[in-house]
Amino acid sequence: MEITSFLPPDIIRMIVSAVVIISFVFLNAMVMTYAERKLAGHFQRRPGPMEVGSHGLLQVIVDGLKLIGKQLILPKDVDRPLFRLAPLLAFIPVVLPFIVIPFSEKLQVADLNIGLIFILAISSLNGMAVLIAGWSSNNKYSLFGALRSVAQNIAYEIPILLVVLTVALMANTFSLKGLVEAQSGMWFILLQPVAFIIYFIAGLAETNRAPFDLSEAESELTAGFHTEYSGMGFSLFFLGEYANMFVVCSIATILFLGGWHGIPLPFLEYTGVFWFLLKVYALLFVMIWCRWTYPRVRFDQLMNLAWKYLIPFSLVNFIITAIVLVIVKL
Amino acid sequence: MKSETNTQQNQSFTLNMGPQHPSTHGVLQVILEMDGEYVLDPQPVLGYIHRMHEKMGESRPCRKFLPNTGRMDYVCALPFNHGYVGLIERAAGIEVPPRAEYIRVITSELNRVASHLLWLGAFLLDLGAFTPIMYSFDDREQILDILEEITGSRLTYCYFRPGGVYQDISDKFIEGTRAFIKRMRSRFSIYEKLVATNIIFIKRAEGVGVISPDMARRYGVTGPLLRGSGISYDIRKQEPYSVYSDFDFDVPVGENGDSLDRYKVRVQEMEQSLRIIEQALDKLPEGPYLGKAPKKIKLPPGDSSFSVEAARGELAYYLVGDGSEIPYRLKIRVPSYSNLSVLPELGRGILLADLVTIMGSFDLVIPEIDR
Amino acid sequence: MKSMNQFVDALKRLSVQISEVDYDRRGYHLEVSMADNQVREFAKAMLDNEFYLVFVTANHVKPAIEVVYQFAHFSTPCRVCARACVAEGEKISTISDIFHGADWHERETKDFFGVNFEGHPNLKPLLLAEDDADLKPLLKSEKMLKNVEEIRWQGEKPAKPAAAGKQAEQKAEQS
């Protein structure tokens, strides 16, 4: 109460939400790391982490401590400022979208009326971070990874944008809250199944997840753009990747799966959060499933998929939607 | 990694792949002349794990070289054992009891299956699929357990002796092998579902690294690579050594000679190996497992050669004796050496990812190449 | 599918010495010895007859280093072992432009024996390090070096070589 007396409530709100968001990003990365390793283990008919804690539950914390304790190696001839800046740049754009994500009807930091555009704009910055990381490492493999990543991000942002526009056209808003509210009757996945599939494939590519993990293809590029990073530099990229996956999946949930809508549970006030997270983590499960099942596509195949299939399909889908909407309104 | 050799005119640059690189499977270095994502000229650099096995073979009595043979191709060591003891027996005229020959065939074929399984996992790992290697290692582990039971080691076997084998196989071995055959047969459908019907895998492997029969001949390519190109050449059929002529088995061949065909050939070869093992177990004769061979084997003057079908192709030993125990000249022709020499021609103007696919499909074992 | 006799006939035209040997004891079917200037001609004939190169190596004996070529055929069981002598300091023609696989085998032979292959495009050390180029590890010391007669096949079992010799004579008569 003391603090609130001389600070405007907005600032308090901002500080609290920043802390909550950043803790959530870290928590999410921990959960995802554990889930990924455990699921990968079971997909491969082995138990996964079992040693530290019950069923390896504490493994993630131990690994995190190890990464923090590791020396940050600066290889010779790297571009020092850029090399240090890149992991931070990779981390920031994946945290910012959390501001506009409506976890439930009430749980949202800020409902921007251009929320969707904001997220798309911010997440494009990720490509920049990867490019800086690859360029400053002074390593050909890193540069390869960075170039691939940028080309991939540009190619796949187009189908994402077209699909998102299609949905925005139907809901007639760019506000994420508005988009969810528009689905109170029927989820858009039922009206726009093609759009959902395109979004999900492009989302996999946008987050550089297998089978589209070309920028860090270990059998070709050792570790791609983060070859030279160690310790926390590496783990920031790692955190960023998981946060990015969460953002992509939550947008998919907001756009297609009805956001926080679900069967209302009487005993909880924020049942929306439960349903929202359930849907997001279900999608994340599918992402992990894909990664441990499929081989990696080749770079030209990846590009072909975007330019020859996803973009035309999403464009046609967009036009048809527009026409149908006009006819229905008439 | 500074691009000192960067030539400004054609904008190409040099990329060092290896000797520490996840997909060169050991210490192979390939110097790539690149134009963007395209490889213009891959040049393998050998010798990082060169141990001069031939010199060792020429400086000690022929019996004492046996452990070395298991250390060239450690993934498929028993055919290397087989070729060497076969050579000594041929040169010195040592008779081998039939039971020993059958045991040799059974263990060699088990080792071939193990080698192909390891390749299966490693190849798919090169293509970015992480899961198949766990499945194939699971199966391979069974073979290693079975072989450990009688050979005493899991990888660098030294089980064969001139005139027979080190020890007789046990009932436990026979039961274990039969159980493994049953298990392995049920696993092929899993691999089929997990890998062979996967559209991404097919698109990655189809038409990549096509070796024509003519190219194979010019380079001396043998083994599954050659059979993938549609030439039915298998030394077990062509020049049957040991007791391979007693068994009924097919030589699987591909059609196009691409990486996909090499995959198919190897998987079918595993099935054929299981057939051979099964027949050998059924026909296994009684009798001694180690024939009479002198303790000090004198190699008569003259040269002799012995070729076996190792998991990667033709393994030829060439020996010149001078009447003493110590070989005067011992040449070891390893399959991957000739197989890899195709790479500079095959890898021109392809994508980097395809180069990885091709090298994966070659099933390279670098210590074997460098010897 | 060609038979072995056809190959023998084809090779006879090259005026190289050719003889059939006992496969069970030697592991190959045809033994060829040729002069060092016949190597390319011989290799071309082998390529025309659809042989593939198994290996190229050498053997250090008195009076000269022997270069050994082994060829085999994909469809006919016929393994050919050919030898050519090259005196120390002399050169022998490369076959790496005929059989491309010989490229590495010849480089290896240069590494181990110091045999110079004339016309080889890239005779750099392959298995040995660049600074070990003069090591020539497989050359025998003076004490170990044997005469070429001492390491020739003498046929310790009198019955078999005689039969093989007869066969060869018969073949010669047929041709």
# chains A, B, ... in the order shown; residues from 1 in each chain; ligands from 1
>>> interface_residues(of="chain C", to="chain B", cutoff="9 Å", atoms="only C-alpha atoms", output="tab-separated table (two decimals) with all heavy atoms, in the first residue's frame")
chain	number	residue	atom	x	y	z
C	24	ASP	N	42.05	-72.51	-55.90
C	24	ASP	CA	41.90	-72.96	-54.51
C	24	ASP	C	43.12	-72.62	-53.66
C	24	ASP	O	43.00	-72.45	-52.45
C	24	ASP	CB	41.66	-74.47	-54.48
C	24	ASP	CG	40.27	-74.81	-54.97
C	24	ASP	OD1	39.43	-73.90	-54.93
C	24	ASP	OD2	40.05	-75.95	-55.41
C	25	ARG	N	44.28	-72.60	-54.29
C	25	ARG	CA	45.47	-72.30	-53.50
C	25	ARG	C	45.89	-70.83	-53.59
C	25	ARG	O	46.57	-70.32	-52.71
C	25	ARG	CB	46.65	-73.19	-53.94
C	25	ARG	CG	46.50	-74.65	-53.61
C	25	ARG	CD	46.19	-74.86	-52.12
C	25	ARG	NE	47.13	-74.21	-51.21
C	25	ARG	CZ	48.29	-74.71	-50.87
C	25	ARG	NH1	48.69	-75.87	-51.35
C	25	ARG	NH2	49.08	-74.08	-50.03
C	26	ARG	N	45.55	-70.18	-54.65
C	26	ARG	CA	46.07	-68.83	-54.86
C	26	ARG	C	45.01	-67.74	-54.69
C	26	ARG	O	45.34	-66.59	-54.45
C	26	ARG	CB	46.67	-68.71	-56.27
C	26	ARG	CG	47.70	-69.77	-56.60
C	26	ARG	CD	49.01	-69.52	-55.86
C	26	ARG	NE	49.66	-68.34	-56.37
C	26	ARG	CZ	50.43	-68.32	-57.45
C	26	ARG	NH1	50.65	-69.42	-58.12
C	26	ARG	NH2	50.99	-67.21	-57.85
C	27	GLY	N	43.75	-68.08	-54.84
C	27	GLY	CA	42.71	-67.08	-54.65
C	27	GLY	C	42.46	-66.21	-55.86
C	27	GLY	O	41.70	-65.24	-55.78
C	28	TYR	N	43.13	-66.48	-56.96
C	28	TYR	CA	42.79	-65.78	-58.20
C	28	TYR	C	42.98	-66.73	-59.38
C	28	TYR	O	43.56	-67.80	-59.24
C	28	TYR	CB	43.59	-64.48	-58.36
C	28	TYR	CG	45.09	-64.61	-58.31
C	28	TYR	CD1	45.82	-64.87	-59.45
C	28	TYR	CD2	45.78	-64.46	-57.10
C	28	TYR	CE1	47.19	-64.97	-59.40
C	28	TYR	CE2	47.15	-64.56	-57.04
C	28	TYR	CZ	47.86	-64.82	-58.20
C	28	TYR	OH	49.21	-64.92	-58.15
C	47	LEU	N	39.43	-52.65	-68.81
C	47	LEU	CA	38.22	-51.83	-68.77
C	47	LEU	C	37.26	-52.23	-69.88
C	47	LEU	O	36.05	-52.31	-69.67
C	47	LEU	CB	38.59	-50.35	-68.90
C	47	LEU	CG	37.44	-49.37	-68.68
C	47	LEU	CD1	37.00	-49.38	-67.23
C	47	LEU	CD2	37.84	-47.96	-69.08
C	50	GLU	N	35.23	-55.09	-69.09
C	50	GLU	CA	34.34	-54.85	-67.96
C	50	GLU	C	34.85	-55.43	-66.65
C	50	GLU	O	34.08	-55.94	-65.84
C	50	GLU	CB	32.93	-55.37	-68.27
C	50	GLU	CG	32.35	-54.76	-69.54
C	50	GLU	CD	30.88	-55.02	-69.67
C	50	GLU	OE1	30.47	-56.12	-69.28
C	50	GLU	OE2	30.18	-54.12	-70.14
C	51	PHE	N	36.13	-55.34	-66.44
C	51	PHE	CA	36.68	-55.69	-65.13
C	51	PHE	C	36.61	-54.46	-64.24
C	51	PHE	O	36.50	-53.33	-64.73
C	51	PHE	CB	38.13	-56.14	-65.27
C	51	PHE	CG	38.28	-57.58	-65.67
C	51	PHE	CD1	38.19	-57.95	-67.01
C	51	PHE	CD2	38.51	-58.55	-64.73
C	51	PHE	CE1	38.31	-59.26	-67.38
C	51	PHE	CE2	38.64	-59.87	-65.10
C	51	PHE	CZ	38.54	-60.23	-66.43
C	52	TYR	N	36.68	-54.69	-62.94
C	52	TYR	CA	36.86	-53.56	-62.04
C	52	TYR	C	38.17	-53.74	-61.28
C	52	TYR	O	38.68	-54.85	-61.18
C	52	TYR	CB	35.68	-53.40	-61.08
C	52	TYR	CG	35.62	-54.39	-59.95
C	52	TYR	CD1	36.16	-54.09	-58.72
C	52	TYR	CD2	35.01	-55.62	-60.11
C	52	TYR	CE1	36.11	-55.00	-57.67
C	52	TYR	CE2	34.95	-56.53	-59.08
C	52	TYR	CZ	35.50	-56.22	-57.86
C	52	TYR	OH	35.46	-57.11	-56.84
C	53	LEU	N	38.66	-52.62	-60.79
C	53	LEU	CA	39.95	-52.65	-60.10
C	53	LEU	C	39.74	-53.00	-58.64
C	53	LEU	O	38.99	-52.33	-57.94
C	53	LEU	CB	40.61	-51.28	-60.22
C	53	LEU	CG	41.97	-51.16	-59.57
C	53	LEU	CD1	43.03	-51.81	-60.43
C	53	LEU	CD2	42.31	-49.71	-59.33
C	54	VAL	N	40.39	-54.06	-58.20
C	54	VAL	CA	40.28	-54.42	-56.79
C	54	VAL	C	41.28	-53.59	-55.99
C	54	VAL	O	40.91	-52.90	-55.06
C	54	VAL	CB	40.50	-55.92	-56.56
C	54	VAL	CG1	40.37	-56.25	-55.10
C	54	VAL	CG2	39.51	-56.72	-57.38
C	55	PHE	N	42.55	-53.66	-56.37
C	55	PHE	CA	43.53	-52.80	-55.70
C	55	PHE	C	44.76	-52.64	-56.57
C	55	PHE	O	44.99	-53.38	-57.52
C	55	PHE	CB	43.90	-53.33	-54.31
C	55	PHE	CG	44.54	-54.69	-54.29
C	55	PHE	CD1	45.85	-54.87	-54.68
C	55	PHE	CD2	43.82	-55.80	-53.86
C	55	PHE	CE1	46.44	-56.12	-54.66
C	55	PHE	CE2	44.42	-57.05	-53.82
C	55	PHE	CZ	45.73	-57.21	-54.23
C	56	VAL	N	45.54	-51.67	-56.21
C	56	VAL	CA	46.88	-51.51	-56.74
C	56	VAL	C	47.79	-51.47	-55.53
C	56	VAL	O	47.50	-50.78	-54.56
C	56	VAL	CB	47.03	-50.18	-57.53
C	56	VAL	CG1	48.46	-50.02	-58.00
C	56	VAL	CG2	46.06	-50.11	-58.67
C	57	THR	N	48.85	-52.24	-55.57
C	57	THR	CA	49.82	-52.13	-54.48
C	57	THR	C	51.18	-52.45	-55.06
C	57	THR	O	51.35	-52.55	-56.27
C	57	THR	CB	49.44	-53.04	-53.30
C	57	THR	OG1	50.30	-52.76	-52.22
C	57	THR	CG2	49.53	-54.50	-53.66
C	58	ALA	N	52.15	-52.58	-54.20
C	58	ALA	CA	53.49	-52.88	-54.68
C	58	ALA	C	54.11	-53.89	-53.74
C	58	ALA	O	53.57	-54.20	-52.68
C	58	ALA	CB	54.33	-51.62	-54.74
C	59	ASN	N	55.25	-54.41	-54.15
C	59	ASN	CA	55.96	-55.39	-53.36
C	59	ASN	C	57.44	-55.14	-53.57
C	59	ASN	O	57.92	-55.11	-54.70
C	59	ASN	CB	55.55	-56.79	-53.84
C	59	ASN	CG	56.07	-57.87	-52.93
C	59	ASN	OD1	56.50	-57.58	-51.82
C	59	ASN	ND2	56.03	-59.10	-53.40
C	60	HIS	N	58.15	-54.92	-52.50
C	60	HIS	CA	59.55	-54.55	-52.62
C	60	HIS	C	60.41	-55.81	-52.64
C	60	HIS	O	60.51	-56.51	-51.65
C	60	HIS	CB	59.95	-53.66	-51.44
C	60	HIS	CG	61.32	-53.08	-51.60
C	60	HIS	ND1	62.07	-52.69	-50.54
C	60	HIS	CD2	62.04	-52.81	-52.70
C	60	HIS	CE1	63.23	-52.20	-50.98
C	60	HIS	NE2	63.23	-52.27	-52.29
C	73	HIS	N	35.86	-59.43	-61.96
C	73	HIS	CA	34.75	-59.19	-62.88
C	73	HIS	C	33.43	-59.30	-62.14
C	73	HIS	O	33.29	-60.13	-61.25
C	73	HIS	CB	34.81	-60.19	-64.02
C	73	HIS	CG	34.06	-59.75	-65.23
C	73	HIS	ND1	32.74	-60.06	-65.41
C	73	HIS	CD2	34.43	-59.01	-66.29
C	73	HIS	CE1	32.33	-59.52	-66.55
C	73	HIS	NE2	33.33	-58.87	-67.10
C	74	PHE	N	32.45	-58.46	-62.52
C	74	PHE	CA	31.19	-58.44	-61.80
C	74	PHE	C	30.32	-59.65	-62.11
C	74	PHE	O	29.51	-60.08	-61.30
C	74	PHE	CB	30.38	-57.18	-62.14
C	74	PHE	CG	30.90	-55.95	-61.45
C	74	PHE	CD1	30.82	-54.71	-62.05
C	74	PHE	CD2	31.46	-56.03	-60.19
C	74	PHE	CE1	31.28	-53.58	-61.41
C	74	PHE	CE2	31.94	-54.91	-59.55
C	74	PHE	CZ	31.85	-53.67	-60.16
C	75	SER	N	30.42	-60.22	-63.31
C	75	SER	CA	29.51	-61.31	-63.63
C	75	SER	C	30.21	-62.65	-63.82
C	75	SER	O	29.60	-63.69	-63.61
C	75	SER	CB	28.68	-60.97	-64.87
C	75	SER	OG	29.52	-60.56	-65.90
C	76	THR	N	31.46	-62.65	-64.23
C	76	THR	CA	32.19	-63.91	-64.40
C	76	THR	C	33.16	-64.08	-63.25
C	76	THR	O	33.88	-63.14	-62.93
C	76	THR	CB	33.00	-63.88	-65.71
C	76	THR	OG1	32.16	-63.41	-66.74
C	76	THR	CG2	33.51	-65.25	-66.07
C	77	PRO	N	33.19	-65.23	-62.62
C	77	PRO	CA	34.19	-65.40	-61.57
C	77	PRO	C	35.58	-65.47	-62.20
C	77	PRO	O	36.01	-66.50	-62.68
C	77	PRO	CB	33.83	-66.74	-60.92
C	77	PRO	CG	32.49	-67.09	-61.44
C	77	PRO	CD	32.33	-66.42	-62.75
C	78	CYS	N	36.22	-64.35	-62.27
C	78	CYS	CA	37.55	-64.30	-62.87
C	78	CYS	C	38.34	-63.19	-62.20
C	78	CYS	O	38.00	-62.02	-62.30
C	78	CYS	CB	37.44	-64.02	-64.37
C	78	CYS	SG	39.04	-63.93	-65.16
C	98	ILE	N	42.16	-44.26	-66.45
C	98	ILE	CA	41.38	-45.37	-67.03
C	98	ILE	C	40.44	-45.93	-65.96
C	98	ILE	O	39.24	-45.97	-66.14
C	98	ILE	CB	42.33	-46.46	-67.57
C	98	ILE	CG1	43.28	-45.84	-68.62
C	98	ILE	CG2	41.53	-47.59	-68.18
C	98	ILE	CD1	44.46	-46.70	-68.94
C	99	PHE	N	41.04	-46.34	-64.86
C	99	PHE	CA	40.25	-46.74	-63.69
C	99	PHE	C	40.37	-45.62	-62.68
C	99	PHE	O	41.42	-45.46	-62.04
C	99	PHE	CB	40.79	-48.04	-63.09
C	99	PHE	CG	40.40	-49.26	-63.87
C	99	PHE	CD1	41.27	-49.83	-64.77
C	99	PHE	CD2	39.16	-49.83	-63.69
C	99	PHE	CE1	40.90	-50.95	-65.49
C	99	PHE	CE2	38.78	-50.95	-64.40
C	99	PHE	CZ	39.65	-51.51	-65.31
C	100	HIS	N	39.32	-44.83	-62.51
C	100	HIS	CA	39.44	-43.67	-61.64
C	100	HIS	C	39.71	-44.06	-60.20
C	100	HIS	O	40.29	-43.30	-59.44
C	100	HIS	CB	38.17	-42.83	-61.74
C	100	HIS	CG	38.00	-42.22	-63.08
C	100	HIS	ND1	36.79	-41.93	-63.64
C	100	HIS	CD2	38.92	-41.87	-64.00
C	100	HIS	CE1	36.96	-41.42	-64.83
C	100	HIS	NE2	38.24	-41.37	-65.08
C	101	GLY	N	39.29	-45.27	-59.84
C	101	GLY	CA	39.54	-45.73	-58.48
C	101	GLY	C	41.02	-45.91	-58.20
C	101	GLY	O	41.43	-45.92	-57.04
C	102	ALA	N	41.83	-46.04	-59.25
C	102	ALA	CA	43.27	-46.25	-59.04
C	102	ALA	C	43.94	-45.02	-58.49
C	102	ALA	O	45.04	-45.10	-57.94
C	102	ALA	CB	43.92	-46.64	-60.36
C	103	ASP	N	43.29	-43.88	-58.61
C	103	ASP	CA	43.84	-42.62	-58.11
C	103	ASP	C	44.36	-42.78	-56.68
C	103	ASP	O	45.54	-42.57	-56.40
C	103	ASP	CB	42.73	-41.56	-58.19
C	103	ASP	CG	43.21	-40.18	-57.79
C	103	ASP	OD1	44.16	-40.12	-57.00
C	103	ASP	OD2	42.63	-39.19	-58.25
C	104	TRP	N	43.48	-43.17	-55.80
C	104	TRP	CA	43.87	-43.28	-54.39
C	104	TRP	C	44.83	-44.44	-54.15
C	104	TRP	O	45.74	-44.35	-53.34
C	104	TRP	CB	42.63	-43.45	-53.50
C	104	TRP	CG	41.86	-42.20	-53.32
C	104	TRP	CD1	42.05	-41.04	-53.99
C	104	TRP	CD2	40.81	-41.98	-52.40
C	104	TRP	NE1	41.15	-40.10	-53.55
C	104	TRP	CE2	40.38	-40.65	-52.58
C	104	TRP	CE3	40.18	-42.76	-51.44
C	104	TRP	CZ2	39.35	-40.09	-51.84
C	104	TRP	CZ3	39.15	-42.21	-50.71
C	104	TRP	CH2	38.74	-40.88	-50.90
C	105	HIS	N	44.59	-45.54	-54.87
C	105	HIS	CA	45.48	-46.69	-54.68
C	105	HIS	C	46.91	-46.34	-55.09
C	105	HIS	O	47.88	-46.75	-54.46
C	105	HIS	CB	44.98	-47.87	-55.50
C	105	HIS	CG	43.75	-48.51	-54.93
C	105	HIS	ND1	43.77	-49.30	-53.81
C	105	HIS	CD2	42.45	-48.48	-55.31
C	105	HIS	CE1	42.55	-49.73	-53.52
C	105	HIS	NE2	41.73	-49.23	-54.42
C	126	LEU	N	48.54	-39.43	-49.25
C	126	LEU	CA	47.12	-39.64	-48.96
C	126	LEU	C	46.93	-40.11	-47.52
C	126	LEU	O	46.27	-39.43	-46.73
C	126	LEU	CB	46.55	-40.66	-49.93
C	126	LEU	CG	45.08	-41.00	-49.75
C	126	LEU	CD1	44.22	-39.82	-50.15
C	126	LEU	CD2	44.69	-42.19	-50.60
C	127	LEU	N	47.53	-41.22	-47.19
C	127	LEU	CA	47.34	-41.75	-45.84
C	127	LEU	C	48.40	-41.21	-44.88
C	127	LEU	O	48.14	-41.03	-43.71
C	127	LEU	CB	47.39	-43.27	-45.85
C	127	LEU	CG	46.19	-43.95	-46.48
C	127	LEU	CD1	46.39	-45.45	-46.55
C	127	LEU	CD2	44.93	-43.65	-45.71
C	128	LEU	N	49.58	-40.96	-45.40
C	128	LEU	CA	50.63	-40.41	-44.54
C	128	LEU	C	50.51	-38.89	-44.49
C	128	LEU	O	49.88	-38.28	-45.36
C	128	LEU	CB	52.01	-40.79	-45.08
C	128	LEU	CG	52.34	-42.28	-45.11
C	128	LEU	CD1	53.78	-42.46	-45.53
C	128	LEU	CD2	52.11	-42.93	-43.77
C	129	ALA	N	51.12	-38.32	-43.47
C	129	ALA	CA	51.10	-36.87	-43.35
C	129	ALA	C	52.01	-36.26	-44.42
C	129	ALA	O	52.92	-36.93	-44.93
C	129	ALA	CB	51.57	-36.47	-41.97
C	137	PRO	N	57.25	-46.43	-45.67
C	137	PRO	CA	57.35	-47.41	-44.58
C	137	PRO	C	57.40	-48.86	-45.01
C	137	PRO	O	57.88	-49.69	-44.26
C	137	PRO	CB	56.09	-47.14	-43.75
C	137	PRO	CG	55.17	-46.43	-44.66
C	137	PRO	CD	56.01	-45.66	-45.61
C	138	LEU	N	56.92	-49.19	-46.19
C	138	LEU	CA	56.86	-50.60	-46.55
C	138	LEU	C	58.07	-51.07	-47.36
C	138	LEU	O	58.10	-52.22	-47.79
C	138	LEU	CB	55.56	-50.92	-47.29
C	138	LEU	CG	54.31	-50.92	-46.41
C	138	LEU	CD1	53.09	-51.31	-47.20
C	138	LEU	CD2	54.46	-51.85	-45.22
C	144	MET	N	66.27	-57.62	-44.89
C	144	MET	CA	65.00	-58.32	-45.09
C	144	MET	C	64.68	-58.54	-46.57
C	144	MET	O	63.83	-59.35	-46.91
C	144	MET	CB	63.85	-57.52	-44.47
C	144	MET	CG	64.00	-57.24	-43.00
C	144	MET	SD	63.84	-58.72	-42.04
C	144	MET	CE	62.10	-59.05	-42.23
C	146	LYS	N	64.28	-59.69	-50.16
C	146	LYS	CA	64.44	-61.02	-50.77
C	146	LYS	C	64.54	-60.89	-52.27
C	146	LYS	O	64.07	-59.91	-52.87
C	146	LYS	CB	63.21	-61.89	-50.43
C	146	LYS	CG	63.07	-62.18	-48.95
C	146	LYS	CD	63.52	-63.56	-48.62
C	146	LYS	CE	63.86	-63.72	-47.17
C	146	LYS	NZ	62.80	-64.22	-46.32
C	149	GLU	N	62.91	-64.51	-56.92
C	149	GLU	CA	62.69	-65.96	-57.07
C	149	GLU	C	62.26	-66.57	-55.74
C	149	GLU	O	61.53	-67.56	-55.72
C	149	GLU	CB	63.96	-66.67	-57.57
C	149	GLU	CG	64.38	-66.33	-58.98
C	149	GLU	CD	65.11	-65.01	-59.06
C	149	GLU	OE1	65.76	-64.63	-58.06
C	149	GLU	OE2	65.02	-64.34	-60.10
C	150	GLU	N	62.74	-65.99	-54.65
C	150	GLU	CA	62.44	-66.58	-53.36
C	150	GLU	C	60.97	-66.46	-52.96
C	150	GLU	O	60.48	-67.19	-52.14
C	150	GLU	CB	63.28	-65.91	-52.26
C	150	GLU	CG	64.74	-66.29	-52.31
C	150	GLU	CD	65.51	-65.52	-51.26
C	150	GLU	OE1	65.47	-65.93	-50.10
C	150	GLU	OE2	66.14	-64.49	-51.61
C	151	ILE	N	60.29	-65.50	-53.52
C	151	ILE	CA	58.90	-65.31	-53.13
C	151	ILE	C	57.95	-65.70	-54.25
C	151	ILE	O	56.76	-65.42	-54.19
C	151	ILE	CB	58.64	-63.85	-52.71
C	151	ILE	CG1	59.06	-62.89	-53.82
C	151	ILE	CG2	59.34	-63.52	-51.42
C	151	ILE	CD1	58.09	-61.80	-54.03
C	152	ARG	N	58.43	-66.34	-55.27
C	152	ARG	CA	57.55	-66.83	-56.32
C	152	ARG	C	56.90	-68.14	-55.91
C	152	ARG	O	57.50	-68.94	-55.19
C	152	ARG	CB	58.34	-67.04	-57.62
C	152	ARG	CG	58.54	-65.77	-58.42
C	152	ARG	CD	57.27	-65.37	-59.14
C	152	ARG	NE	57.48	-64.11	-59.80
C	152	ARG	CZ	57.17	-62.92	-59.28
C	152	ARG	NH1	56.63	-62.83	-58.09
C	152	ARG	NH2	57.39	-61.81	-59.95
C	153	TRP	N	55.74	-68.37	-56.38
C	153	TRP	CA	55.01	-69.60	-56.11
C	153	TRP	C	55.79	-70.77	-56.69
C	153	TRP	O	56.09	-70.80	-57.87
C	153	TRP	CB	53.63	-69.50	-56.74
C	153	TRP	CG	52.77	-70.70	-56.50
C	153	TRP	CD1	52.47	-71.67	-57.39
C	153	TRP	CD2	52.10	-71.03	-55.29
C	153	TRP	NE1	51.65	-72.59	-56.82
C	153	TRP	CE2	51.39	-72.23	-55.53
C	153	TRP	CE3	52.02	-70.45	-54.03
C	153	TRP	CZ2	50.62	-72.85	-54.56
C	153	TRP	CZ3	51.26	-71.06	-53.07
C	153	TRP	CH2	50.56	-72.25	-53.34
C	154	GLN	N	56.13	-71.72	-55.79
C	154	GLN	CA	56.90	-72.86	-56.28
C	154	GLN	C	56.07	-74.12	-56.35
C	154	GLN	O	56.48	-75.09	-56.97
C	154	GLN	CB	58.12	-73.08	-55.36
C	154	GLN	CG	59.15	-72.00	-55.56
C	154	GLN	CD	59.97	-71.74	-54.32
C	154	GLN	OE1	59.77	-72.37	-53.29
C	154	GLN	NE2	60.90	-70.82	-54.42
C	155	GLY	N	54.91	-74.09	-55.71
C	155	GLY	CA	54.03	-75.25	-55.79
C	155	GLY	C	54.57	-76.40	-54.97
C	155	GLY	O	55.18	-77.31	-55.49
C	156	GLU	N	54.38	-76.32	-53.63
C	156	GLU	CA	54.98	-77.36	-52.80
C	156	GLU	C	54.30	-78.70	-52.97
C	156	GLU	O	54.86	-79.73	-52.64
C	156	GLU	CB	55.04	-76.96	-51.32
C	156	GLU	CG	54.05	-75.91	-50.85
C	156	GLU	CD	52.67	-76.46	-50.63
C	156	GLU	OE1	52.41	-76.94	-49.52
C	156	GLU	OE2	51.83	-76.41	-51.56
>>> residues_around(residues="Tyr141 (chain A)", least_positions_apart="2", cutoff="9 Å", atoms="only C-alpha atoms", output="JSON, numbers by chain")
{"A": [134, 138, 139, 143, 144, 145, 146, 220, 221, 222, 223, 224, 225, 227], "B": [15]}
>>> closest_atom_pairs(of="chain B", to="chain A", cutoff="6 Å", atoms="only C-alpha atoms", output="Markdown table")
| residue | atom | partner | partner_atom | distance |
| --- | --- | --- | --- | --- |
| B:Pro22 | CA | A:Ser219 | CA | 5.5 |
| B:Ser23 | CA | A:Ser219 | CA | 5.1 |
| B:Asp126 | CA | A:Ser219 | CA | 5.2 |
| B:Leu127 | CA | A:Pro295 | CA | 5.5 |
| B:Gly128 | CA | A:Pro295 | CA | 4.5 |
| B:Ala129 | CA | A:Pro295 | CA | 3.9 |
| B:Phe130 | CA | A:Trp292 | CA | 6.0 |
| B:Thr131 | CA | A:Gln44 | CA | 5.5 |
| B:Met134 | CA | A:Gln44 | CA | 5.8 |
>>> write_last_selection(atoms="N, CA and C atoms", output="compact mmCIF listing (two decimals), in the first residue's frame")
# COMPACT_ATOMS: atom_id res chain seq x y z
N PRO B 22 29.70 -33.98 -36.92
CA PRO B 22 28.82 -35.09 -36.52
C PRO B 22 28.55 -36.10 -37.63
N SER B 23 28.59 -35.71 -38.87
CA SER B 23 28.16 -36.67 -39.89
C SER B 23 29.30 -37.21 -40.72
N ASP B 126 21.78 -38.98 -39.77
CA ASP B 126 22.32 -38.00 -40.72
C ASP B 126 21.20 -37.24 -41.42
N LEU B 127 20.10 -37.93 -41.63
CA LEU B 127 18.97 -37.28 -42.29
C LEU B 127 18.14 -36.48 -41.30
N GLY B 128 18.50 -36.52 -40.03
CA GLY B 128 17.80 -35.71 -39.04
C GLY B 128 16.69 -36.44 -38.31
N ALA B 129 16.60 -37.75 -38.49
CA ALA B 129 15.60 -38.51 -37.72
C ALA B 129 16.30 -39.10 -36.51
N PHE B 130 15.84 -38.71 -35.32
CA PHE B 130 16.58 -39.08 -34.13
C PHE B 130 16.17 -40.44 -33.58
N THR B 131 14.97 -40.85 -33.89
CA THR B 131 14.43 -42.02 -33.21
C THR B 131 14.93 -43.37 -33.74
N MET B 134 17.72 -45.37 -31.99
CA MET B 134 17.46 -46.03 -30.71
C MET B 134 16.86 -47.40 -30.94
